[in-house]
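Enquirer: Compact mmCIF, C-alpha atoms and all ligand atoms, file work-v6.txt:
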```txt
# COMPACT_ATOMS: atom_id res chain seq x y z
CA MET A 182 26.39 -8.56 132.54
CA TRP A 183 24.50 -8.83 135.81
CA SER A 184 21.34 -10.11 134.16
CA TYR A 185 23.29 -13.09 132.88
CA LEU A 186 25.02 -13.77 136.17
CA ILE A 187 22.01 -13.81 138.41
CA ILE A 188 20.51 -16.81 136.67
CA PHE A 189 23.13 -19.02 138.28
CA HIS A 190 22.20 -18.72 141.89
CA ILE A 191 19.44 -18.68 144.39
CA ASN A 192 19.98 -17.45 147.90
CA LEU A 193 17.73 -19.79 149.85
CA ARG A 194 18.51 -18.36 153.26
CA LEU A 195 15.63 -16.60 154.99
CA ASN A 196 15.50 -15.64 158.65
CA ASN A 197 12.64 -16.91 160.73
CA PHE A 198 10.69 -13.74 161.43
CA HIS A 199 7.50 -13.92 163.53
CA LEU A 200 7.09 -17.68 162.97
CA SER A 201 7.54 -17.38 159.22
CA CYS A 202 8.88 -20.89 158.52
CA CYS A 203 5.78 -21.75 156.47
CA VAL A 204 6.14 -18.71 154.20
CA ASN A 205 9.92 -19.18 154.15
CA THR A 206 9.65 -22.68 152.73
CA LEU A 207 7.17 -21.50 150.11
CA LEU A 208 9.51 -18.68 149.08
CA GLN A 209 12.40 -21.16 148.88
CA THR A 210 10.25 -23.35 146.66
CA LEU A 211 9.03 -20.45 144.54
CA SER A 212 12.57 -19.15 144.10
CA ALA A 213 13.47 -22.52 142.59
CA THR A 214 10.50 -22.14 140.25
CA TRP A 215 12.45 -19.95 137.88
CA GLU A 216 9.48 -19.84 135.47
CA LEU A 217 7.55 -17.80 138.06
CA ALA A 218 10.43 -15.44 138.86
CA ASP A 219 10.98 -14.90 135.13
CA LEU A 220 7.34 -13.93 134.57
CA LEU A 221 7.37 -11.54 137.54
CA GLU A 222 10.57 -9.93 136.24
CA LYS A 223 8.76 -9.12 132.98
CA TRP A 224 6.07 -7.26 134.90
CA GLU A 225 6.41 -3.50 134.52
CA VAL A 226 5.07 -2.17 137.80
CA THR A 227 3.58 1.30 137.88
CA GLY A 228 1.92 3.07 140.77
CA LEU A 229 1.29 0.13 143.09
CA ASP A 230 1.59 0.44 146.85
CA SER A 231 3.53 -1.70 149.28
CA HIS A 232 0.38 -3.69 150.15
CA ASN A 233 0.45 -5.34 146.74
CA VAL A 234 1.35 -9.03 147.17
CA PRO A 235 2.63 -9.78 143.64
CA LEU A 236 4.81 -6.65 143.81
CA GLN A 237 6.37 -7.75 147.10
CA LEU A 238 6.70 -11.31 145.78
CA LYS A 239 8.53 -9.99 142.72
CA ARG A 240 10.89 -8.02 144.98
CA VAL A 241 11.66 -10.86 147.36
CA LEU A 242 12.23 -13.41 144.57
CA SER A 243 14.47 -10.90 142.85
CA ALA A 244 16.42 -10.43 146.11
CA MET A 245 16.78 -14.20 146.43
CA ARG A 246 18.33 -14.25 142.97
CA SER A 247 20.88 -11.57 143.73
CA HIS A 248 24.19 -11.73 145.47
CA LEU A 249 23.50 -11.38 149.16
CA PRO A 250 26.05 -12.46 151.75
CA GLN A 251 23.26 -12.49 154.35
CA PRO A 252 19.76 -14.00 154.29
CA ALA A 253 17.48 -12.38 151.74
CA PRO A 254 15.28 -9.57 153.13
CA HIS A 255 11.65 -10.56 153.22
CA HIS A 256 10.16 -8.49 156.05
CA ASP A 257 8.21 -6.30 153.63
CA PHE A 258 6.74 -9.40 151.98
CA LEU A 259 5.70 -10.86 155.34
CA HIS A 260 4.12 -7.58 156.46
CA CYS A 261 2.36 -7.32 153.10
CA LEU A 262 0.91 -10.81 153.59
CA ASP A 263 -0.15 -9.78 157.10
CA ARG A 264 -2.12 -6.91 155.61
CA ASN A 265 -3.72 -9.41 153.24
CA CYS A 266 -4.94 -11.71 156.02
CA ILE A 267 -1.96 -14.11 156.08
CA ARG A 268 -0.99 -13.11 159.59
CA LEU A 269 2.38 -12.91 161.27
CA ASN A 270 2.85 -14.89 164.48
CA THR A 271 0.42 -17.52 163.27
CA GLN A 272 0.85 -21.17 162.42
CA HIS A 273 -0.22 -21.55 158.79
CA ASP A 274 -0.97 -24.45 156.48
CA ALA A 275 1.54 -24.35 153.60
CA ASP A 276 -0.93 -25.53 150.97
CA GLU A 277 -3.51 -22.92 152.04
CA VAL A 278 -0.92 -20.14 151.93
CA PHE A 279 0.32 -21.36 148.54
CA LEU A 280 -3.20 -21.21 147.07
CA ALA A 281 -3.91 -17.86 148.77
CA LEU A 282 -0.71 -16.46 147.25
CA LEU A 283 -1.70 -17.55 143.76
CA ASN A 284 -5.17 -16.07 144.23
CA LEU A 285 -3.74 -12.77 145.48
CA VAL A 286 -1.47 -12.63 142.43
CA GLN A 287 -4.55 -13.01 140.20
CA GLN A 288 -6.50 -10.38 142.10
CA GLN A 289 -3.80 -7.75 142.55
CA MET A 290 -1.68 -7.92 139.41
CA ASP A 291 -2.68 -5.19 136.99
CA ASP A 292 -1.20 -7.05 134.00
CA LYS A 293 -3.93 -9.68 133.66
CA SER A 294 -2.25 -11.41 130.73
CA LEU A 295 0.89 -12.02 132.81
CA ALA A 296 -1.23 -13.03 135.81
CA LEU A 297 -2.91 -15.71 133.69
CA LYS A 298 0.48 -16.98 132.52
CA ILE A 299 1.44 -17.40 136.18
CA GLN A 300 -1.76 -19.30 136.83
CA ASP A 301 -1.13 -21.47 133.78
CA LEU A 302 2.17 -22.60 135.32
CA TYR A 303 0.18 -24.55 137.91
CA ARG A 304 -3.20 -25.04 136.20
CA ILE A 305 -4.46 -28.63 136.14
CA SER A 306 -7.52 -28.58 133.88
CA VAL A 307 -10.08 -31.29 134.60
CA GLU A 308 -13.55 -32.28 133.56
CA THR A 309 -15.95 -33.81 136.03
CA HIS A 310 -18.50 -36.37 134.86
CA LEU A 311 -21.51 -36.88 137.07
CA GLN A 312 -23.73 -39.78 136.08
CA CYS A 313 -27.16 -40.16 137.65
CA LEU A 314 -27.54 -43.75 138.89
CA LYS A 315 -31.32 -43.51 138.44
CA CYS A 316 -31.69 -42.32 134.85
CA SER A 317 -28.04 -42.66 133.62
CA SER A 318 -27.93 -39.10 132.28
CA ILE A 319 -24.48 -37.50 132.46
CA GLN A 320 -23.55 -33.94 133.42
CA THR A 321 -20.07 -32.72 132.47
CA GLN A 322 -18.34 -29.69 133.93
CA SER A 323 -14.87 -28.26 133.28
CA SER A 324 -12.81 -26.71 136.05
CA TYR A 325 -9.23 -26.49 137.22
CA LEU A 326 -7.02 -27.08 140.24
CA LEU A 327 -3.80 -25.31 141.22
CA SER A 328 -2.58 -28.21 143.34
CA LEU A 329 -3.55 -31.87 143.30
CA PRO A 330 -5.00 -32.71 146.73
CA LEU A 331 -4.32 -36.36 147.50
CA HIS A 332 -6.05 -38.26 150.25
CA ILE A 333 -3.67 -40.54 152.12
CA LYS A 334 -4.44 -43.69 154.02
CA GLU A 335 -3.36 -44.27 157.60
CA ASP A 336 -0.92 -47.03 156.71
CA HIS A 337 1.73 -47.18 154.01
CA ASN A 338 1.04 -45.16 150.84
CA SER A 339 2.79 -44.54 147.57
CA LEU A 340 2.27 -41.41 145.54
CA GLU A 341 1.24 -43.60 142.61
CA ASP A 342 -1.50 -45.26 144.71
CA CYS A 343 -2.73 -41.91 146.02
CA MET A 344 -2.94 -40.50 142.49
CA SER A 345 -4.73 -43.57 141.27
CA SER A 346 -7.29 -43.27 144.09
CA PHE A 347 -7.91 -39.61 143.23
CA PHE A 348 -9.09 -40.57 139.76
CA GLU A 349 -11.21 -43.53 140.79
CA HIS A 350 -14.94 -43.29 140.23
CA GLN A 351 -16.72 -42.26 143.37
CA GLN A 352 -20.32 -42.98 144.32
CA LEU A 353 -22.20 -40.07 145.87
CA MET A 354 -25.00 -41.34 148.10
CA GLY A 355 -27.12 -40.07 150.98
CA ILE A 356 -26.37 -36.48 151.93
CA ASN A 357 -23.88 -36.35 149.03
CA CYS A 358 -26.57 -36.93 146.38
CA CYS A 359 -26.50 -34.34 143.60
CA PHE A 360 -29.32 -32.69 141.72
CA CYS A 361 -30.19 -34.41 138.44
CA PRO A 362 -32.00 -32.07 135.98
CA ALA A 363 -33.62 -35.05 134.19
CA CYS A 364 -35.03 -36.54 137.40
CA GLU A 365 -35.57 -33.05 138.87
CA SER A 366 -34.41 -34.29 142.27
CA ASN A 367 -31.32 -35.19 144.25
CA THR A 368 -30.30 -38.68 143.19
CA PRO A 369 -27.41 -41.07 143.85
CA SER A 370 -24.71 -40.54 141.27
CA GLU A 371 -21.24 -41.60 140.24
CA GLN A 372 -18.53 -39.00 139.83
CA ALA A 373 -15.36 -39.26 137.76
CA VAL A 374 -12.59 -36.68 137.33
CA LYS A 375 -10.59 -36.68 134.09
CA LEU A 376 -7.55 -34.67 133.11
CA LEU A 377 -7.84 -32.19 130.24
CA SER A 378 -4.32 -30.79 130.56
CA LEU A 379 -1.32 -30.93 132.87
CA PRO A 380 0.76 -27.90 133.88
CA PRO A 381 4.49 -27.19 133.56
CA ILE A 382 4.68 -27.18 137.39
CA LEU A 383 2.69 -29.90 139.12
CA CYS A 384 2.06 -29.13 142.78
CA ILE A 385 0.91 -32.12 144.81
CA HIS A 386 -0.64 -31.69 148.23
CA LEU A 387 -0.45 -34.73 150.51
CA LYS A 388 -3.42 -34.23 152.81
CA ARG A 389 -1.78 -35.07 156.13
CA PHE A 390 -4.07 -32.92 158.27
CA ARG A 391 -7.42 -34.55 158.90
CA ASN A 392 -10.41 -32.99 160.58
CA SER A 393 -12.59 -35.20 162.67
CA ARG A 394 -15.32 -33.94 165.00
CA GLY A 395 -13.76 -30.50 165.24
CA TYR A 396 -10.32 -31.87 166.02
CA THR A 397 -7.41 -31.71 163.56
CA ARG A 398 -4.73 -34.35 163.67
CA LYS A 399 -1.69 -35.02 161.54
CA LEU A 400 -1.08 -38.29 159.70
CA ASP A 401 2.61 -39.08 159.97
CA CYS A 402 2.29 -42.26 157.93
CA ARG A 403 4.80 -43.08 155.25
CA VAL A 404 4.18 -41.85 151.70
CA THR A 405 6.81 -42.79 149.15
CA PHE A 406 7.24 -40.71 146.00
CA PRO A 407 9.52 -41.00 142.99
CA GLU A 408 12.13 -38.52 141.82
CA THR A 409 10.71 -38.80 138.30
CA PHE A 410 7.52 -40.28 136.97
CA ASP A 411 5.37 -40.42 133.86
CA PHE A 412 1.83 -39.32 134.73
CA TYR A 413 0.38 -41.20 131.78
CA GLU A 414 2.05 -44.46 132.73
CA THR A 415 1.16 -43.99 136.41
CA VAL A 416 -2.58 -43.31 136.05
CA LYS A 417 -3.75 -44.11 132.52
CA LYS A 418 -7.39 -43.92 133.52
CA ALA A 419 -6.96 -40.28 134.61
CA PHE A 420 -6.92 -38.90 131.09
CA SER A 421 -9.90 -37.48 129.21
CA SER A 422 -10.32 -38.38 125.56
CA ASN A 423 -9.84 -34.64 124.96
CA PHE A 424 -6.37 -34.63 126.55
CA ALA A 425 -3.92 -33.53 123.86
CA GLN A 426 -0.44 -33.19 125.40
CA ASN A 427 2.34 -35.54 124.42
CA ASP A 428 4.79 -35.51 127.29
CA CYS A 429 3.60 -36.18 130.82
CA ARG A 430 6.94 -36.95 132.45
CA TYR A 431 7.80 -35.01 135.59
CA SER A 432 10.87 -34.52 137.78
CA LEU A 433 10.79 -33.54 141.43
CA TYR A 434 12.50 -30.26 142.27
CA ALA A 435 11.09 -29.19 145.63
CA VAL A 436 9.53 -30.73 148.73
CA VAL A 437 7.89 -28.82 151.55
CA ALA A 438 8.22 -30.89 154.72
CA HIS A 439 6.44 -30.52 158.04
CA SER A 440 7.62 -31.75 161.43
CA GLY A 441 5.61 -31.69 164.63
CA THR A 442 1.89 -31.97 165.16
CA ALA A 443 -1.19 -30.28 163.72
CA MET A 444 -1.04 -27.76 166.56
CA PHE A 445 2.68 -27.03 166.75
CA GLY A 446 5.08 -27.67 163.94
CA HIS A 447 7.88 -26.46 161.75
CA TYR A 448 8.32 -26.30 157.97
CA THR A 449 11.51 -26.96 156.04
CA ALA A 450 12.18 -27.55 152.36
CA TYR A 451 14.28 -29.67 150.04
CA ILE A 452 15.21 -27.82 146.88
CA ARG A 453 17.02 -29.12 143.81
CA HIS A 454 19.18 -26.49 142.16
CA TRP A 455 18.22 -26.46 138.52
CA LYS A 456 21.76 -25.67 137.43
CA ASN A 457 23.92 -28.19 139.29
CA GLN A 458 21.02 -30.60 139.97
CA ARG A 459 22.11 -31.01 143.59
CA TRP A 460 19.63 -31.22 146.41
CA TYR A 461 19.72 -28.74 149.29
CA TYR A 462 17.94 -28.79 152.60
CA ALA A 463 16.67 -25.39 153.76
CA ASP A 464 15.71 -24.77 157.37
CA ASP A 465 14.99 -21.04 157.44
CA SER A 466 18.41 -19.36 157.25
CA SER A 467 20.37 -22.62 157.44
CA VAL A 468 20.96 -24.34 154.12
CA TYR A 469 22.84 -27.59 153.71
CA GLU A 470 23.67 -29.75 150.76
CA SER A 471 21.53 -32.86 150.76
CA SER A 472 20.91 -35.75 148.38
CA TRP A 473 18.06 -37.79 146.93
CA GLU A 474 18.51 -40.15 149.89
CA GLY A 475 18.08 -37.13 152.18
CA VAL A 476 14.89 -36.16 150.37
CA GLN A 477 13.61 -39.72 150.78
CA SER A 478 13.90 -39.33 154.55
CA SER A 479 10.80 -37.11 154.27
CA TYR A 480 8.68 -40.13 153.27
CA GLY A 481 7.52 -40.32 156.85
CA ARG A 482 8.28 -40.12 160.54
CA SER A 483 11.54 -38.24 160.06
CA SER A 484 12.78 -35.75 162.63
CA ARG A 485 13.59 -33.49 159.67
CA GLY A 486 9.97 -33.44 158.64
CA THR A 487 7.52 -35.38 156.57
CA ALA A 488 6.74 -34.43 152.98
CA TYR A 489 3.61 -32.31 152.77
CA MET A 490 3.83 -30.65 149.34
CA LEU A 491 5.70 -31.91 146.28
CA MET A 492 6.68 -29.78 143.31
CA TYR A 493 7.35 -31.54 140.03
CA ARG A 494 8.51 -29.91 136.81
CA ARG A 495 7.39 -31.25 133.44
CA ASN A 496 10.24 -32.51 131.31
CA SER A 497 8.80 -31.24 128.06
CA LYS A 498 11.03 -29.64 125.51
CA GLU A 499 9.40 -26.22 125.63
CA VAL A 500 9.94 -26.02 129.40
CA ASN A 501 13.54 -27.16 129.31
CA LYS A 502 14.30 -24.89 126.39
CA ALA A 503 13.46 -21.91 128.61
CA ALA A 504 16.10 -23.04 131.11
CA VAL A 505 18.83 -22.78 128.51
CA ARG A 506 19.21 -19.08 128.15
CA PRO A 507 21.50 -17.64 125.56
CA ILE A 508 24.68 -16.11 126.91
CA PRO A 509 26.50 -13.69 124.60
CA SER A 510 29.64 -15.18 123.11
CA HIS A 511 31.92 -12.58 124.75
CA LEU A 512 30.63 -13.64 128.20
CA GLN A 513 30.86 -17.37 127.73
CA PRO A 514 34.54 -17.76 128.83
CA VAL A 515 33.78 -15.71 131.96
CA MET A 516 30.74 -17.82 132.75
CA ALA A 517 32.67 -21.05 132.28
CA GLU A 518 35.30 -19.81 134.69
CA LEU A 519 32.71 -18.82 137.26
CA GLU A 520 31.05 -22.19 136.98
CA ASP A 521 34.33 -23.94 137.76
CA ASP A 522 34.86 -21.63 140.73
CA ILE A 523 31.54 -22.36 142.33
CA ILE A 524 31.74 -26.11 141.87
CA LEU A 525 35.24 -26.08 143.36
CA VAL A 526 34.08 -24.05 146.32
CA LEU A 527 31.14 -26.35 146.88
CA GLU A 528 33.33 -29.41 146.84
CA ARG A 529 36.01 -27.98 149.10
CA ARG A 530 33.87 -26.29 151.68
CA LEU A 531 30.56 -28.04 151.79
CA VAL A 532 30.37 -31.18 153.85
CA ILE A 533 27.06 -32.90 154.22
CA SER A 534 25.81 -32.50 157.72
CA PRO A 535 24.09 -35.10 159.90
CA LEU A 536 21.09 -32.84 160.07
CA SER A 537 19.04 -34.87 162.45
CA SER A 538 21.29 -33.75 165.26
CA SER A 539 21.58 -30.14 164.30
CA SER A 540 18.40 -28.68 162.94
CA GLY A 541 14.84 -29.13 161.89
CA THR A 542 13.81 -31.04 164.95
CA GLY A 543 12.57 -28.15 166.97
CA GLN A 544 9.20 -26.58 166.67
CA THR A 545 9.10 -23.05 165.49
CA GLU A 546 6.60 -21.93 168.05
CA HIS A 547 9.01 -22.72 170.83
CA THR A 548 12.34 -22.09 169.19
CA SER A 549 11.89 -19.21 166.82
CA GLY A 550 13.70 -16.78 169.08
CA ALA A 551 16.69 -19.04 169.35
CA ARG A 552 16.40 -19.85 165.66
CA GLN A 553 16.66 -16.21 164.71
CA CYS A 554 19.72 -15.80 166.91
CA LYS A 555 21.54 -18.55 165.08
CA SER A 556 24.09 -17.62 162.54
CA ASP A 557 23.61 -19.08 159.14
CA ALA A 558 25.31 -22.30 158.28
CA LEU A 559 25.44 -22.39 154.51
CA GLY A 560 23.78 -20.65 151.67
CA PHE A 561 24.32 -21.37 148.06
CA SER A 562 24.56 -18.65 145.53
CA ARG A 563 27.03 -17.19 143.18
CA VAL A 564 28.43 -13.82 142.79
CA ALA A 565 29.26 -11.42 140.04
CA GLY A 566 33.01 -11.35 139.86
CA GLY A 567 33.52 -14.98 140.70
CA ALA A 568 33.78 -14.85 144.48
CA SER A 569 32.09 -17.48 146.54
CA VAL A 570 29.26 -16.56 148.82
CA LEU A 571 29.22 -19.80 150.73
CA THR A 572 29.49 -18.76 154.34
CA GLU A 573 30.32 -20.89 157.29
CA SER A 574 28.59 -20.42 160.56
CA GLN A 575 30.34 -19.84 163.83
CA GLU A 576 27.19 -21.05 165.51
CA ALA A 577 27.17 -24.16 163.37
CA SER A 578 30.76 -24.80 164.35
CA LYS A 579 29.83 -24.37 168.01
CA ARG A 580 27.18 -27.03 167.74
CA GLY A 581 29.50 -29.34 165.92
CA ALA A 582 28.14 -29.10 162.40
CA PRO A 583 30.88 -30.39 160.10
CA ILE A 584 31.78 -27.18 158.31
CA GLN A 585 35.24 -27.41 156.79
CA LEU A 586 37.32 -24.81 155.07
ZN ZN B 601 -31.46 -38.70 136.78
```
Translate the structure of the given file into structure tokens.
Expert:
Amino acid sequence: MWSYLIIFHINLRLNNFHLSCCVNTLLQTLSATWELADLLEKWEVTGLDSHNVPLQLKRVLSAMRSHLPQPAPHHDFLHCLDRNCIRLNTQHDADEVFLALLNLVQQQMDDKSLALKIQDLYRISVETHLQCLKCSSIQTQSSYLLSLPLHIKEDHNSLEDCMSSFFEHQQLMGINCCFCPACESNTPSEQAVKLLSLPPILCIHLKRFRNSRGYTRKLDCRVTFPETFDFYETVKKAFSSNFAQNDCRYSLYAVVAHSGTAMFGHYTAYIRHWKNQRWYYADDSSVYESSWEGVQSSYGRSSRGTAYMLMYRRNSKEVNKAAVRPIPSHLQPVMAELEDDIILVLERRLVISPLSSSSGTGQTEHTSGARQCKSDALGFSRVAGGASVLTESQEASKRGAPIQL
């Protein structure tokens, strides 16, 4: 029965341990990527040590799916990352850690077929056309990305504009000239990137950290993004003539937000629960119910953080079909009852908090000690047996967070 119950909850609460807010937000995002957790659950692990990243990832995502009245344990995962050069007590870039994690899964998973399926979840296949501006010959190369890195301008941006810019033809001149085999020399050229296929999970990286003369600064400018969009309608010119998929519609289900500067900052996440479709705001071990309006506050200059990574899920039938898992007929009445219980508990006990006054404004580097001392405000999960696991925080009550019984 347990295997049917655990699909209904995610425990998003994770303590901040040795400045782990960056990894915490990624785990919160990955735990909402049920496709990934499902693939890892299928992995039959034999004889791997505790330094194996995919093994520890499988364990921590499994723990986040189970009934835990306290934040999910992830110390082993963090120490495992530390042994794999993603250090504790270090400020990390969420996109870099995300890509490093996916690479470590490919390198360290002994089931290569399953590892490729995990990569395919995020794989954006592209072909690059490079046309020599001297002789007009064209070189074509296929490659792939695991996240779409979007350049942002210093003023107002929209995701649609950023995506459109990514697929614009680009002239490569001067030191950027490429070698042309026909001319047998480096020549000016024009480069175009075209989509060959889109993944079930589209990870978008808004490039807010900019290096200039050895100095990194953060762009806090506003970037709007939609809750749903059709990639084809948004950037028609992005598609190769070899692109063969039918449905390119996507829905947002997670946002990794960053507050602070390039030197000192803090990560939080907005997560949409796939079952009840409600948005939650996760700040390490504090989790609050949010809303689409709350998510939109991460467009820019918010004390709760500015969107840095966006996770969209493709709306295609084969993806959504996987979300509807068969429940045996004898369990269906029990499940229906549990569903009523949890919704009731959410409605009675969860009051949306004015978060700007209570959390997410501090910087981890200065507040992690205090952050770890905090009790947890709210977690959302559900329990075998129908009991609620929503917990109210004494600390939250002390600081005036509107927790009601
Ligand atoms: Zn040429």
Enquirer: Can you tell me which residues come within 12 Å of ligand ZN 601 (chain B) when counting only C-alpha atoms and all ligand atoms, ideally as a list in words?
Expert: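 Written in the requested form, the residues are Leu311, Gln312, Cys313, Leu314, Lys315, Cys316, Ser317, Ser318, Ile319, Gln320, Cys358, Cys359, Phe360, Cys361, Pro362, Ala363, Cys364, Glu365, Ser366, Asn367, Thr368, Pro369, Ser370 and Glu371 of chain A.
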Enquirer: Which is closest to A:Ile385 among A:Ile356, A:Ala450, A:Cys402, A:Ala488, if we use only C-alpha atoms?
Expert: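 Comparing A:Ile356, A:Ala450, A:Cys402, A:Ala488 against A:Ile385, the winner is A:Ala488.
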Enquirer: Just checking: using all atoms listed in the file, which residue out of A:His454, A:Asp274, A:Gly475, A:Val286 ends up closest to A:Trp215?
Expert: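 Looking at the shortest contact to A:Trp215, the residue is A:His454.
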Enquirer: I need the residue nearest A:Val204 from this list: A:Leu326, A:Leu221, A:Val437, A:Leu249. Use only C-alpha atoms for the distance.
Expert: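 Once distances to A:Val204 are computed over only C-alpha atoms, the minimum belongs to A:Val437.
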Enquirer: Please identify all polymer residues within 12 Å of A:Lys417, counting only C-alpha atoms, omitting same-chain residues fewer than 3 positions from it, and present them as an MDAnalysis selection string.
Expert: chainID A and resid 341 344:345 348:349 375:376 411:414 420:422 424 429
Enquirer: Please produce a file of the residues just selected, as a PDB file, keeping the file's coordinate frame, where the atoms kept are C-alpha atoms.
Expert:
```pdb
ATOM      1  CA  GLU A 341       1.240 -43.600 142.610  1.00  0.00           C
ATOM      2  CA  MET A 344      -2.940 -40.500 142.490  1.00  0.00           C
ATOM      3  CA  SER A 345      -4.730 -43.570 141.270  1.00  0.00           C
ATOM      4  CA  PHE A 348      -9.090 -40.570 139.760  1.00  0.00           C
ATOM      5  CA  GLU A 349     -11.210 -43.530 140.790  1.00  0.00           C
ATOM      6  CA  LYS A 375     -10.590 -36.680 134.090  1.00  0.00           C
ATOM      7  CA  LEU A 376      -7.550 -34.670 133.110  1.00  0.00           C
ATOM      8  CA  ASP A 411       5.370 -40.420 133.860  1.00  0.00           C
ATOM      9  CA  PHE A 412       1.830 -39.320 134.730  1.00  0.00           C
ATOM     10  CA  TYR A 413       0.380 -41.200 131.780  1.00  0.00           C
ATOM     11  CA  GLU A 414       2.050 -44.460 132.730  1.00  0.00           C
ATOM     12  CA  PHE A 420      -6.920 -38.900 131.090  1.00  0.00           C
ATOM     13  CA  SER A 421      -9.900 -37.480 129.210  1.00  0.00           C
ATOM     14  CA  SER A 422     -10.320 -38.380 125.560  1.00  0.00           C
ATOM     15  CA  PHE A 424      -6.370 -34.630 126.550  1.00  0.00           C
ATOM     16  CA  CYS A 429       3.600 -36.180 130.820  1.00  0.00           C
TER      17      CYS A 429
END
```
Enquirer: Counting all atoms listed in the file, which residues have an atom no more than 10 Å from (7.5, -31.2, 144.4) in the file's coordinates? Please list them as a PyMOL selection string.
Expert: chain A and resi 210+382-386+406+408+431-437+450-453+488-494
Enquirer: Report as a list in words all protein, DNA and RNA residues lying within 6 Å of A:Arg398, evaluated on only C-alpha atoms, omitting residues in the same chain fewer than 4 positions from it.
Expert: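 Answer for this query is Phe390, Arg391 and Ala443 of chain A.
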Enquirer: Measuring between all atoms listed in the file, which one of A:Thr214, A:Gln352, A:Gln477, A:Asn423 shows the shortest distance to A:Tyr303?
Expert: A:Thr214
Enquirer: Would you kindly return, as a list in words, each protein, DNA or RNA residue with an atom no farther than 10 Å from any atom of A:Asn233, considering all atoms listed in the file and excluding same-chain residues fewer than 3 positions away?
Expert: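 Non-adjacent residues within range: Leu229, Asp230, Leu236, Gln237, Leu238, Phe258, Cys261, Leu262, Arg264, Asn265, Leu285, Val286, Gln288, Gln289 and Met290 of chain A.
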Enquirer: May I ask for the distance between atom CA of A:His337 and atom CA of A:Arg389, given in Å to one decimal place?
Expert: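 Computing the Euclidean distance for atom CA of A:His337 and atom CA of A:Arg389 yields 12.8 Å.
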Enquirer: Which distance in Å separates atom CA of A:Lys456 and atom CA of A:Ser471, to one decimal?
Expert: 15.1 Å
Enquirer: Could you work out how far atom CA of A:Pro330 lies from atom CA of A:Arg403, giving the answer in Å with one decimal?
Expert: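 These two atoms are separated by 16.6 Å.
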